[in-house]
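Asks: First the structure, which I've put down as structure tokens, then a few questions once you've had a look.
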Amino acid sequence: MKKQVVFKTYNQDQLSLLPPSYDDLVATNHPVRVVNTIIDNVDISLLEKSYKGGGTSSYHPRMLLKVIVYAYLRNLYSSRKIEQALQENIHFMWLSGQSKPDHNIINDFRSKRLNGQLKKNLSSSSFVTSRTRRS
């Protein structure tokens, strides 16, 4: 006698009363949280001063810096691939607070705002400085 096959319920149209928070979907020990914590402790005042003000609102430089550092950690260097990750990858969505800068914004930030600033900003971090001294 053949046993009956039983499948788990599969319904893509199932509504959820409360959608899960992105924070619930990112493990507490995931590397994206490490990047978030480190960049939160980096002084980015020089980056912030590079913005003129007026005009339309800009994406926050701290968010863009976090996204770029995490992308580099994941070997993503193309601004188009980073843009795609911001739309498809839960860790990038969490890190950016669901902001979705396009590849032009990412590339402009990287080439115009970060040009020479990234090393200065990260070297000012006590975490990076203490790790460098141990080596």
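Each chain in the structure tokens gets a letter, A, B, ..., in the order shown, and its residues are numbered from 1; ligands are numbered from 1 in order too.
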Run DSSP on the backbone and tell me which residues of region 24-123 of chain A come out as alpha helix (DSSP H); list them as a VMD selection string.

Replies: chain A and resid 24 to 25 31 to 40 45 to 49 61 to 73 79 to 88 90 to 96 103 to 108 117 to 123

Asks: Using only C-alpha atoms, determine which residues lie at most 12 Å from region 72-74 of chain A, disregarding the query and same-chain residues fewer than 3 positions distant; provide the list as a list in words.

Replies: Pro31, Val32, Val34, Val35, Leu65, Lys66, Val67, Ile68, Val69, Tyr77, Ser78, Ser79, Lys81, Ile82, Ala85, Asn89, His91, Phe92 and Arg110 of chain A

Asks: Can I get the selected residues back with N, CA and C atoms, as a PDB file, in the first residue's frame?

Replies:
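New file result-v3.pdb:
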```
ATOM      1  N   PRO A  31      26.494  39.938  10.174  1.00  0.00           N
ATOM      2  CA  PRO A  31      27.487  40.991   9.889  1.00  0.00           C
ATOM      3  C   PRO A  31      26.883  42.358   9.563  1.00  0.00           C
ATOM      4  N   VAL A  32      25.669  42.404   9.032  1.00  0.00           N
ATOM      5  CA  VAL A  32      25.059  43.690   8.716  1.00  0.00           C
ATOM      6  C   VAL A  32      24.849  44.514   9.986  1.00  0.00           C
ATOM      7  N   VAL A  34      26.852  44.396  12.588  1.00  0.00           N
ATOM      8  CA  VAL A  34      28.188  44.881  12.958  1.00  0.00           C
ATOM      9  C   VAL A  34      28.506  46.150  12.176  1.00  0.00           C
ATOM     10  N   VAL A  35      28.259  46.123  10.874  1.00  0.00           N
ATOM     11  CA  VAL A  35      28.479  47.316  10.039  1.00  0.00           C
ATOM     12  C   VAL A  35      27.632  48.467  10.554  1.00  0.00           C
ATOM     13  N   LEU A  65      26.641  55.536   3.553  1.00  0.00           N
ATOM     14  CA  LEU A  65      27.938  54.990   3.967  1.00  0.00           C
ATOM     15  C   LEU A  65      27.773  53.550   4.453  1.00  0.00           C
ATOM     16  N   LYS A  66      26.754  53.296   5.248  1.00  0.00           N
ATOM     17  CA  LYS A  66      26.490  51.939   5.728  1.00  0.00           C
ATOM     18  C   LYS A  66      26.258  50.987   4.556  1.00  0.00           C
ATOM     19  N   VAL A  67      25.453  51.424   3.613  1.00  0.00           N
ATOM     20  CA  VAL A  67      25.134  50.581   2.455  1.00  0.00           C
ATOM     21  C   VAL A  67      26.391  50.268   1.651  1.00  0.00           C
ATOM     22  N   ILE A  68      27.217  51.266   1.420  1.00  0.00           N
ATOM     23  CA  ILE A  68      28.431  51.050   0.631  1.00  0.00           C
ATOM     24  C   ILE A  68      29.413  50.147   1.368  1.00  0.00           C
ATOM     25  N   VAL A  69      29.624  50.382   2.644  1.00  0.00           N
ATOM     26  CA  VAL A  69      30.548  49.534   3.413  1.00  0.00           C
ATOM     27  C   VAL A  69      30.050  48.092   3.435  1.00  0.00           C
ATOM     28  N   TYR A  77      30.426  45.823  -5.819  1.00  0.00           N
ATOM     29  CA  TYR A  77      31.067  47.097  -6.105  1.00  0.00           C
ATOM     30  C   TYR A  77      30.299  47.915  -7.150  1.00  0.00           C
ATOM     31  N   SER A  78      29.517  47.263  -7.961  1.00  0.00           N
ATOM     32  CA  SER A  78      28.747  47.938  -9.002  1.00  0.00           C
ATOM     33  C   SER A  78      27.579  48.689  -8.368  1.00  0.00           C
ATOM     34  N   SER A  79      27.420  49.954  -8.742  1.00  0.00           N
ATOM     35  CA  SER A  79      26.311  50.734  -8.185  1.00  0.00           C
ATOM     36  C   SER A  79      24.959  50.147  -8.602  1.00  0.00           C
ATOM     37  N   LYS A  81      24.387  46.888  -9.033  1.00  0.00           N
ATOM     38  CA  LYS A  81      24.197  45.695  -8.186  1.00  0.00           C
ATOM     39  C   LYS A  81      23.790  46.107  -6.769  1.00  0.00           C
ATOM     40  N   ILE A  82      24.365  47.213  -6.282  1.00  0.00           N
ATOM     41  CA  ILE A  82      23.988  47.714  -4.954  1.00  0.00           C
ATOM     42  C   ILE A  82      22.534  48.184  -4.977  1.00  0.00           C
ATOM     43  N   ALA A  85      20.403  45.158  -4.835  1.00  0.00           N
ATOM     44  CA  ALA A  85      20.397  44.577  -3.491  1.00  0.00           C
ATOM     45  C   ALA A  85      19.472  45.356  -2.561  1.00  0.00           C
ATOM     46  N   ASN A  89      17.320  42.423  -1.270  1.00  0.00           N
ATOM     47  CA  ASN A  89      17.994  41.751  -0.167  1.00  0.00           C
ATOM     48  C   ASN A  89      17.518  42.319   1.171  1.00  0.00           C
ATOM     49  N   HIS A  91      18.723  42.221   4.117  1.00  0.00           N
ATOM     50  CA  HIS A  91      19.745  42.867   4.937  1.00  0.00           C
ATOM     51  C   HIS A  91      20.012  44.290   4.467  1.00  0.00           C
ATOM     52  N   PHE A  92      20.046  44.512   3.168  1.00  0.00           N
ATOM     53  CA  PHE A  92      20.207  45.863   2.641  1.00  0.00           C
ATOM     54  C   PHE A  92      18.966  46.704   2.936  1.00  0.00           C
ATOM     55  N   ARG A 110      29.562  58.000  -3.761  1.00  0.00           N
ATOM     56  CA  ARG A 110      30.844  57.314  -3.671  1.00  0.00           C
ATOM     57  C   ARG A 110      31.956  58.141  -4.315  1.00  0.00           C
TER      58      ARG A 110
END
```
